[in-house]
Amino acid sequence: MTEPGSAPRARAIAFYLPQFHPIPENDAWWGKGFTEWTNVVTGKPRFDGHGQPHLPADLGFYDLRVPETRQAQADMARGAGIEAFCYYHYWFQGKRLLNRPFDEVLSSGTPDFPFCLCWANESWSRAWSGRDHDVLIQQGYDEADNAIHIAWLCSVFQDPRYLRVDGRPLFLVYMPERLPDASLLLEQWRHKAIAQIGIEPYFCAVLTGFSTLDVAGLRALGFDGVVEFEPNRKHFPASKNATGRIVSLLQRVLPTRWYDTLRNSSWLGKRNLNTVVDYVSYVDKRRMRPSLDETTYPAVFPSWDNSARRTSATIIENHDPVQYRRWLEDAISRVELRNAEHRLIFINAWNEWAEGCHLEPDRLHGGGFLDATANALAARASIVND
C-alpha cells in the first residue's frame, strides 16, 4: 500500500472525446469532412449574455490524426496535474468507431501519458441521444462478440501506460444497465482476463442521470466501483427559466420511460426549449452532499452548454475557474484520505467542445481551468503529507 506522504492528494482522470478527425461513417451520416468542430462553430447566443460559441485557443481547431496535437494535449494535462485520459471506446459487436487516434497512441508508444478506456455502449442516432428511432448504428451484444471484445481489451491492458487500480487495469462501462446480463459478462471477462494476462480488470460502472440503479444496485451487478458522472439532471438546482422548471417537473412526476420518450421526441427537439441552470448553485448543491464510500469516485465539470449540438439545450451558465476550483477541491477532499490507489476523481471533460465542456484553453477563459486544476491538486498537499 502506498503511504499518504508519497502519493498525490488525488488521481485526476479526464474524459477524452476522440471525435476530432473525419471517418467514413460520419461522412456518410453528416456530410463530407464532419468532425466535432462542425458542430462547435455553429454555436450562437440564444439570449443576452449567453457565451456561445466556445472556440479553442492554444491548440486551435486541431485534428487528432496529428501526433504533435496528441503530444501537446498530454503535456498540457500533465502540467495541470492530471494523471490520465479516459478515452471513450466505441465498440459495436466488433466494429470500432473513432479509433484511429487511440490506435496510433498504442502503436507509436507516444505520448508517454497514462490512459484508460470507457466503453460508451449506446447506439448512435441523429439526436445524439442514443434513442432507438433514427439510429445510425445499433449497440448490440452477443456471447461470441463478448469473447472477442475482452481479448482485444486484454491486449490494450498490457500497455505499460494503462492506468491501474491495485495493479488491475481500470475499465469503465458508461451504460451498465444496458448490458443484457452484466453480472455474467463481468464474471466471464474476469476469467478470460486472468487466463490471458494473469490479472482481472478493475471494472467501474458509470452512474449518470439516465441510470436506473443507484450505487448499491450497480455494485450488486458485480462492478468493483462506481464513477459518478456530471452533469446529472437529478442534481440540478432550480432552473433559472420557466421552460427548465417545466422540464424538471416532468422529470419528477413522469415515469422514466415516458420522460425519456418526451425528451427525445423529434417534436420537442425542433423547438428551442432550453433549460438554464446556474453553475454556482450547482456547485453549492453538490458540495453539500454526504460523504462517499471508498469505491465511489466523484466527478466534476468545468462548464456545460450543449446548444451547439442540440436544439433543446441544457445550458449551465456563469461558470468560471474560481467556482470550478471550489468544486474540484471538494471532490479531492472526499478521496484524499483513502488508500492512495483509490483517490480517483474524474473530470468531464478534456475536450467535449460541442457540449461546452472542456479543460482545453478557449478564447474566453484561456488556460484558466487548467490553472485551477493544477492549483487545486497541489493545494494543501503538505497537510496530507505531514
# chains A, B, ... in the order shown; residues from 1 in each chain; ligands from 1

call {"tool": "residues_around", "arguments": {"residues": "Ile23 of chain A", "least_positions_apart": "4", "cutoff": "8 Å", "atoms": "only C-alpha atoms", "output": "ChimeraX atom specification"}}
result
/A:27,33-34,98

call {"tool": "residues_around", "arguments": {"residues": "Trp350 of chain A", "least_positions_apart": "4", "cutoff": "8 Å", "atoms": "only C-alpha atoms", "output": "list in words"}}
result
Ala14, Phe15, Tyr16, Leu17, Phe85, Cys357, His358, Leu359 and Glu360 of chain A

call {"tool": "write_last_selection", "arguments": {"atoms": "C-alpha atoms", "output": "compact mmCIF listing (two decimals), in the first residue's frame"}}
result
# COMPACT_ATOMS: atom_id res chain seq x y z
CA ALA A 14 -10.14 13.47 -17.63
CA PHE A 15 -12.69 12.02 -20.06
CA TYR A 16 -11.40 12.35 -23.63
CA LEU A 17 -13.51 12.53 -26.79
CA PHE A 85 -7.01 10.45 -20.05
CA CYS A 357 -17.37 21.13 -21.54
CA HIS A 358 -13.59 21.31 -21.81
CA LEU A 359 -10.42 21.91 -19.85
CA GLU A 360 -8.54 22.80 -23.00

call {"tool": "select_by_dssp", "arguments": {"residues": "segment 140-382 of chain A", "states": "helix (DSSP H, G or I)", "output": "MDAnalysis selection string"}}
result
chainID A and resid 143:157 176:178 182:197 215:220 233:235 242:253 256:263 266:269 279:287 306:308 321:335 340:342 353:355 368:378 381:382

call {"tool": "select_by_dssp", "arguments": {"residues": "segment 325-371 of chain A", "states": "strand (DSSP E)", "output": "ChimeraX atom specification"}}
result
/A:344-347,351-352,357-358

call {"tool": "write_last_selection", "arguments": {"atoms": "N, CA, C and O atoms", "output": "short mmCIF file (atom, residue, chain, number, x, y, z; two decimals), in the first residue's frame"}}
result
data_model
loop_
_atom_site.label_atom_id
_atom_site.label_comp_id
_atom_site.auth_asym_id
_atom_site.auth_seq_id
_atom_site.Cartn_x
_atom_site.Cartn_y
_atom_site.Cartn_z
N LEU A 344 -9.32 8.31 -6.83
CA LEU A 344 -9.71 8.67 -8.19
C LEU A 344 -10.75 9.77 -8.17
O LEU A 344 -11.73 9.71 -7.43
N ILE A 345 -10.55 10.77 -9.01
CA ILE A 345 -11.60 11.74 -9.32
C ILE A 345 -11.64 11.90 -10.83
O ILE A 345 -10.61 11.77 -11.52
N PHE A 346 -12.81 12.16 -11.36
CA PHE A 346 -12.98 12.27 -12.81
C PHE A 346 -13.42 13.68 -13.18
O PHE A 346 -14.20 14.31 -12.46
N ILE A 347 -12.90 14.15 -14.29
CA ILE A 347 -13.23 15.48 -14.80
C ILE A 347 -13.88 15.31 -16.16
O ILE A 347 -13.31 14.72 -17.07
N ASN A 351 -12.14 17.55 -23.56
CA ASN A 351 -12.35 18.20 -24.86
C ASN A 351 -13.73 17.96 -25.46
O ASN A 351 -13.86 17.73 -26.67
N GLU A 352 -14.78 18.03 -24.65
CA GLU A 352 -16.14 17.92 -25.18
C GLU A 352 -16.59 19.32 -25.66
O GLU A 352 -17.47 19.96 -25.07
N CYS A 357 -17.86 21.82 -22.72
CA CYS A 357 -17.37 21.13 -21.54
C CYS A 357 -15.93 20.71 -21.79
O CYS A 357 -15.66 19.63 -22.31
N HIS A 358 -14.98 21.56 -21.42
CA HIS A 358 -13.59 21.31 -21.81
C HIS A 358 -12.62 22.02 -20.88
O HIS A 358 -12.85 23.15 -20.45
#

call {"tool": "closest_residue", "arguments": {"among": "A:Trp189, A:Leu97, A:Asn339, A:Val206", "to": "Val165 of chain A", "atoms": "only C-alpha atoms"}}
result
A:Asn339

call {"tool": "closest_residue", "arguments": {"among": "A:Arg287, A:His21, A:Arg11, A:His235", "to": "Phe115 of chain A", "atoms": "only C-alpha atoms"}}
result
A:Arg11

call {"tool": "residues_around", "arguments": {"residues": "segment 207-224 of chain A", "least_positions_apart": "5", "cutoff": "6 Å", "atoms": "only C-alpha atoms", "output": "list in words"}}
result
Ser183, Phe229, Asn232, Arg233 and Lys234 of chain A

call {"tool": "closest_residue", "arguments": {"among": "A:Leu370, A:Leu59, A:Met288, A:Leu337", "to": "Ala7 of chain A", "atoms": "only C-alpha atoms"}}
result
A:Leu337
